[in-house]
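Data block below; observations after.
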Amino acid sequence: MNSVVSTNSVVSTNSPAYGVQDPVLSLMLEKGMITEDEADKVQAEVNARLTNMAAAMAAEYAPAQSHWLMSTNIKDMELYGDMRVRFEDREATDPGGFKNPNPGKHGPKTLPPGSIDLQRLRYALRFGVRGDAYDDFYFGFRLETGSNPRSPFVTAGTSTSGTPYYGPFGKSTSGVDVGQLYIGWKPESWFDTTLGKIPNPLYTTPMVWSPSINPEGAAEHLKWDVGPATFFANFGQFLYADTNPNSTTPGYFNLLSTDDGTGSLPFLIAYQGGVDYHFIKQVDLKVAPALYTYTAFNYGHSPKNNTSGYTPDFSGIYVGQGSTNGLLGIPAYYNLNNANGGSPGFDGFFANQTGINNLMVLEIPLELNFSLGKVDLQLFGDYAQNLEGAQRATAAYDASRSTYFSTINPGIIPIKSAQTHDIHAYQFGLDVSSPGARGLVYGTTAIRHSWEIKTYWQHVEQYSLDPNLLDLDFFEGVENLQGVYVACAYAFTGNVIGTFRFGHAYRINSKLGTGGSGLDIPQMNPINDYELFQFDLTYKF
């Protein structure tokens, strides 16, 4: 009789009882001492006892298991984010030539060009959750360092002093804030809407919108395919400021209301329509004109006789002129060095640099993409014009000649005439990358050993754009500057990215300041020359 013998069993190949594994039962079965049914029954009892014993031992000695339970209403969910460390060097130079009010004590009658060199070690964290729920809803939220809506970066060492004093390596400026929080609904493949603090829904460039800004309000998206073309439309209703309250009876204080005590919430309204046309698989063109309008806001009293309303806020008249030639007649050149023997007291925003009066911006971004096998190539550009720019320039001119700045609070550089032609902005550039790596410079993608080089020329005139939306890096979040930007990025792994950026810009119109509300070098306006170096190391997850 032939048989198969192993370390665990002896089973007759002529017997159907292949479930018998115990060698004693197998031998008794071969000798005819028991039947096959009896052998199978006994073997089943032995297996059951062994299974129960193993389970009991596993429960006693195995470590406790943890579980992340997810709501049954959630279809899928993703954790994502990045950590970044950065060294940067910013240098700004003013035009000089400002009159020194105290030449005998503080130097020459006319001041030479002054400069500010800002070297910092910075870091940023962004951590978020996004996903899809059932019934066509989706959601997301993201936490990030930095309270500035135009940057998540925190500067190392800024929390090492103050009152109370905590010593070095403090944490008081390293708080975490809500960067995004939104709920969306997509009932059809061609339509969805989002509400909350949302990722920017518009196709745009850093010339007009800082990539870090997440507007608050509502947005609607439409998309449909027609042959080789994909048509799309984006609409946004973004709350610009909370007036709180919106109306009052006479006598009650309401900073942002009109003179009769009534007001309305200021909104930025965006309308965009575009097309992404695929000529062939390797070539496509995308263009999407957008129009930005602003709901009515209180812009102060008569500009020529205004005695208030030019301090920084959204409801006042945009001045844009600089105060480098002095706060209260004392040059910022000396204020920064505390040469007057007291506290400099310089807040950087002597005149209104943030007003949104007379803004109706038309933007036309576009890109032409080529896939060339070993590299991806992109030609891109952006053009914008403030359709109410002439009125904005005239209001700024009247403000610079108002009683407020001529007698009550002198110090800004006056405008000799309204610069009504400074209402345009444009950008054009080139992007070259390894296949699929476009976006590596901004950290939106990462493929092991991929690379990207991006460069562009940018020109932003004084009254062309909303100064509160400009990117803080290129160039310092201010207007009336033009210059070149270059960035190179390399992915060491699928998560770790090294990036180098360089920017150089200079003033466009020497008659004007460089209006804007950048917080990195707020002390200087106008900036005559500007340079930026940045080195980033990013871990993406």
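Residue numbering restarts at 1 in every chain; chains get A, B, ... in the order shown in the structure tokens, and ligands count up from 1 in that same order.
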Would you mind listing what lies within 12 Å of A:Ala288 as a PDB file with N, CA, C and O atoms, in the first residue's frame, with only C-alpha atoms counted and same-chain residues fewer than 4 positions away left out?
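Writing the result to around.pdb gives the following:
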ATOM      1  N   LEU A 202     -10.164  79.766  -8.282  1.00  0.00           N
ATOM      2  CA  LEU A 202      -9.927  80.437  -9.553  1.00  0.00           C
ATOM      3  C   LEU A 202      -8.626  79.973 -10.195  1.00  0.00           C
ATOM      4  O   LEU A 202      -7.642  79.673  -9.500  1.00  0.00           O
ATOM      5  N   TYR A 203      -8.608  79.947 -11.503  1.00  0.00           N
ATOM      6  CA  TYR A 203      -7.370  79.745 -12.242  1.00  0.00           C
ATOM      7  C   TYR A 203      -6.698  81.113 -12.348  1.00  0.00           C
ATOM      8  O   TYR A 203      -7.219  82.033 -12.983  1.00  0.00           O
ATOM      9  N   THR A 204      -5.545  81.275 -11.714  1.00  0.00           N
ATOM     10  CA  THR A 204      -4.900  82.573 -11.625  1.00  0.00           C
ATOM     11  C   THR A 204      -3.400  82.373 -11.457  1.00  0.00           C
ATOM     12  O   THR A 204      -2.886  81.254 -11.608  1.00  0.00           O
ATOM     13  N   THR A 205      -2.664  83.453 -11.149  1.00  0.00           N
ATOM     14  CA  THR A 205      -1.220  83.394 -10.957  1.00  0.00           C
ATOM     15  C   THR A 205      -0.842  84.160  -9.697  1.00  0.00           C
ATOM     16  O   THR A 205      -1.636  84.978  -9.202  1.00  0.00           O
ATOM     17  N   THR A 230     -12.253  71.511 -23.153  1.00  0.00           N
ATOM     18  CA  THR A 230     -12.926  71.479 -21.860  1.00  0.00           C
ATOM     19  C   THR A 230     -13.248  72.919 -21.464  1.00  0.00           C
ATOM     20  O   THR A 230     -12.345  73.722 -21.233  1.00  0.00           O
ATOM     21  N   PHE A 231     -14.533  73.227 -21.440  1.00  0.00           N
ATOM     22  CA  PHE A 231     -14.968  74.552 -21.037  1.00  0.00           C
ATOM     23  C   PHE A 231     -15.264  74.547 -19.535  1.00  0.00           C
ATOM     24  O   PHE A 231     -15.751  73.544 -18.994  1.00  0.00           O
ATOM     25  N   PHE A 232     -14.963  75.659 -18.878  1.00  0.00           N
ATOM     26  CA  PHE A 232     -15.219  75.735 -17.441  1.00  0.00           C
ATOM     27  C   PHE A 232     -15.574  77.166 -17.059  1.00  0.00           C
ATOM     28  O   PHE A 232     -15.268  78.134 -17.774  1.00  0.00           O
ATOM     29  N   ALA A 233     -16.239  77.282 -15.913  1.00  0.00           N
ATOM     30  CA  ALA A 233     -16.600  78.591 -15.361  1.00  0.00           C
ATOM     31  C   ALA A 233     -16.473  78.515 -13.844  1.00  0.00           C
ATOM     32  O   ALA A 233     -16.869  77.524 -13.226  1.00  0.00           O
ATOM     33  N   ASN A 234     -15.921  79.561 -13.259  1.00  0.00           N
ATOM     34  CA  ASN A 234     -15.772  79.665 -11.809  1.00  0.00           C
ATOM     35  C   ASN A 234     -16.386  80.973 -11.331  1.00  0.00           C
ATOM     36  O   ASN A 234     -16.201  82.015 -11.960  1.00  0.00           O
ATOM     37  N   TYR A 271     -15.882  86.502 -11.354  1.00  0.00           N
ATOM     38  CA  TYR A 271     -16.523  85.817 -12.477  1.00  0.00           C
ATOM     39  C   TYR A 271     -15.422  85.356 -13.418  1.00  0.00           C
ATOM     40  O   TYR A 271     -14.585  86.154 -13.842  1.00  0.00           O
ATOM     41  N   GLN A 272     -15.409  84.075 -13.748  1.00  0.00           N
ATOM     42  CA  GLN A 272     -14.369  83.558 -14.638  1.00  0.00           C
ATOM     43  C   GLN A 272     -14.931  82.511 -15.584  1.00  0.00           C
ATOM     44  O   GLN A 272     -15.724  81.650 -15.187  1.00  0.00           O
ATOM     45  N   GLY A 273     -14.531  82.599 -16.833  1.00  0.00           N
ATOM     46  CA  GLY A 273     -14.870  81.591 -17.823  1.00  0.00           C
ATOM     47  C   GLY A 273     -13.650  81.251 -18.641  1.00  0.00           C
ATOM     48  O   GLY A 273     -12.829  82.141 -18.945  1.00  0.00           O
ATOM     49  N   GLY A 274     -13.477  79.973 -18.990  1.00  0.00           N
ATOM     50  CA  GLY A 274     -12.261  79.611 -19.707  1.00  0.00           C
ATOM     51  C   GLY A 274     -12.405  78.324 -20.490  1.00  0.00           C
ATOM     52  O   GLY A 274     -13.449  77.654 -20.453  1.00  0.00           O
ATOM     53  N   VAL A 275     -11.330  77.987 -21.180  1.00  0.00           N
ATOM     54  CA  VAL A 275     -11.295  76.766 -21.978  1.00  0.00           C
ATOM     55  C   VAL A 275      -9.898  76.171 -21.899  1.00  0.00           C
ATOM     56  O   VAL A 275      -8.899  76.892 -21.855  1.00  0.00           O
ATOM     57  N   ASP A 276      -9.837  74.856 -21.859  1.00  0.00           N
ATOM     58  CA  ASP A 276      -8.594  74.099 -21.950  1.00  0.00           C
ATOM     59  C   ASP A 276      -8.696  73.260 -23.214  1.00  0.00           C
ATOM     60  O   ASP A 276      -9.446  72.276 -23.255  1.00  0.00           O
ATOM     61  N   TYR A 277      -7.964  73.652 -24.260  1.00  0.00           N
ATOM     62  CA  TYR A 277      -8.107  73.029 -25.580  1.00  0.00           C
ATOM     63  C   TYR A 277      -6.902  72.146 -25.874  1.00  0.00           C
ATOM     64  O   TYR A 277      -5.754  72.589 -25.797  1.00  0.00           O
ATOM     65  N   LEU A 362      -9.769  93.300 -14.392  1.00  0.00           N
ATOM     66  CA  LEU A 362      -9.893  92.280 -15.435  1.00  0.00           C
ATOM     67  C   LEU A 362      -8.565  91.547 -15.539  1.00  0.00           C
ATOM     68  O   LEU A 362      -7.518  92.163 -15.745  1.00  0.00           O
ATOM     69  N   GLU A 363      -8.589  90.225 -15.389  1.00  0.00           N
ATOM     70  CA  GLU A 363      -7.378  89.400 -15.459  1.00  0.00           C
ATOM     71  C   GLU A 363      -7.526  88.365 -16.556  1.00  0.00           C
ATOM     72  O   GLU A 363      -8.603  87.766 -16.730  1.00  0.00           O
ATOM     73  N   ILE A 364      -6.428  88.131 -17.316  1.00  0.00           N
ATOM     74  CA  ILE A 364      -6.447  87.118 -18.375  1.00  0.00           C
ATOM     75  C   ILE A 364      -5.206  86.241 -18.232  1.00  0.00           C
ATOM     76  O   ILE A 364      -4.146  86.530 -18.801  1.00  0.00           O
ATOM     77  N   PRO A 365      -5.291  85.159 -17.460  1.00  0.00           N
ATOM     78  CA  PRO A 365      -4.166  84.219 -17.367  1.00  0.00           C
ATOM     79  C   PRO A 365      -4.229  83.186 -18.491  1.00  0.00           C
ATOM     80  O   PRO A 365      -5.322  82.816 -18.953  1.00  0.00           O
ATOM     81  N   LEU A 366      -3.082  82.706 -18.922  1.00  0.00           N
ATOM     82  CA  LEU A 366      -3.062  81.679 -19.974  1.00  0.00           C
ATOM     83  C   LEU A 366      -1.788  80.856 -19.862  1.00  0.00           C
ATOM     84  O   LEU A 366      -0.789  81.287 -19.280  1.00  0.00           O
ATOM     85  N   GLU A 367      -1.836  79.666 -20.439  1.00  0.00           N
ATOM     86  CA  GLU A 367      -0.668  78.782 -20.473  1.00  0.00           C
ATOM     87  C   GLU A 367      -0.739  77.885 -21.694  1.00  0.00           C
ATOM     88  O   GLU A 367      -1.819  77.477 -22.136  1.00  0.00           O
ATOM     89  N   GLY A 381       1.573  83.167 -19.011  1.00  0.00           N
ATOM     90  CA  GLY A 381       1.524  84.612 -18.847  1.00  0.00           C
ATOM     91  C   GLY A 381       0.238  85.037 -18.176  1.00  0.00           C
ATOM     92  O   GLY A 381      -0.682  84.243 -17.966  1.00  0.00           O
ATOM     93  N   ASP A 382       0.176  86.314 -17.842  1.00  0.00           N
ATOM     94  CA  ASP A 382      -0.997  86.883 -17.184  1.00  0.00           C
ATOM     95  C   ASP A 382      -1.021  88.381 -17.482  1.00  0.00           C
ATOM     96  O   ASP A 382       0.029  89.044 -17.436  1.00  0.00           O
ATOM     97  N   TYR A 383      -2.195  88.884 -17.779  1.00  0.00           N
ATOM     98  CA  TYR A 383      -2.367  90.327 -17.987  1.00  0.00           C
ATOM     99  C   TYR A 383      -3.551  90.784 -17.156  1.00  0.00           C
ATOM    100  O   TYR A 383      -4.578  90.092 -17.077  1.00  0.00           O
TER     101      TYR A 383
END
Per-residue nearest contacts stretch 76-147 of chain A to stretch 314-324 of chain A, cut-off 10 Å, using only C-alpha atoms, as a Markdown table:
| residue | atom | partner | partner_atom | distance |
| --- | --- | --- | --- | --- |
| A:Asp94 | CA | A:Thr324 | CA | 7.8 |
| A:Pro95 | CA | A:Thr324 | CA | 9.5 |
| A:Gly96 | CA | A:Thr324 | CA | 9.1 |
| A:Phe98 | CA | A:Thr324 | CA | 8.3 |
| A:Gly114 | CA | A:Thr324 | CA | 9.4 |
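The coordinates place atom CA of A:Ile413 at 14.7 Å from atom CA of A:Asn480.
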Going by DSSP on the backbone, which bits of stretch 81-159 of chain A are alpha helix (DSSP H)? Write them as number ranges by chain, please. A: 103-106
Selected residues written out, C-alpha atoms, as a tab-separated table (two decimals), in the first residue's frame:
chain	number	residue	atom	x	y	z
A	103	PRO	CA	20.86	118.07	9.33
A	104	GLY	CA	23.17	119.50	11.97
A	105	LYS	CA	22.56	116.74	14.51
A	106	HIS	CA	21.77	113.76	12.33
Looking only at the backbone, which of the residues in stretch 414-523 of chain A does DSSP tag as strand (DSSP E or B), as an MDAnalysis selection string? chainID A and resid 424:433 451:460 478 481:491 496:507 516
Fewer than 5 positions away in the same chain doesn't count, so skip those; otherwise give me all residues within 7 Å of A:Glu216, counting only C-alpha atoms, as number ranges by chain. A: 196-198, 238-239
Residues at most 12 Å from A:Asn495, counting only C-alpha atoms, excluding those fewer than 3 positions away in the same chain, as a PyMOL selection string? chain A and resi 80-84+440+443-450+490-492+498+537-541
Could you save those same residues with C-alpha atoms as a compact mmCIF listing (two decimals), in the first residue's frame?
# COMPACT_ATOMS: atom_id res chain seq x y z
CA TYR A 80 -2.09 65.31 3.73
CA GLY A 81 0.26 68.21 4.40
CA ASP A 82 3.86 69.35 4.44
CA MET A 83 6.61 70.62 6.71
CA ARG A 84 9.04 73.26 5.45
CA LEU A 440 7.39 70.95 -7.77
CA GLY A 443 5.38 71.78 -3.49
CA THR A 444 2.11 70.65 -5.08
CA THR A 445 3.70 67.50 -6.48
CA ALA A 446 6.72 65.31 -5.76
CA ILE A 447 8.18 62.47 -7.83
CA ARG A 448 11.50 60.88 -6.84
CA HIS A 449 14.44 62.50 -8.68
CA SER A 450 12.15 64.86 -10.59
CA TYR A 490 14.61 68.94 -7.07
CA ALA A 491 12.87 65.97 -5.40
CA PHE A 492 15.44 63.92 -3.51
CA GLY A 498 14.86 71.12 -2.15
CA LEU A 537 13.65 72.00 2.36
CA THR A 538 10.18 70.48 2.23
CA TYR A 539 8.86 67.17 3.54
CA LYS A 540 5.56 66.36 1.87
CA PHE A 541 3.15 63.74 3.19
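For the atom pair formed by atom CA of A:Tyr134 and atom CA of A:Ala219, the distance is 20.6 Å, given to one decimal.
With atom CA of A:Thr110 on one side and atom CA of A:Arg401 on the other, the separation reads 23.0 Å.
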Which is closest to A:Asn525 among A:Val178, A:Val478, A:Leu368, A:Leu29, if we use only C-alpha atoms?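 Of the candidates, the smallest distance to A:Asn525 is held by A:Val478.
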Residues at most 7 Å from A:His278, counting only C-alpha atoms, excluding those fewer than 5 positions away in the same chain, as a PyMOL selection string? chain A and resi 228-229+283-285
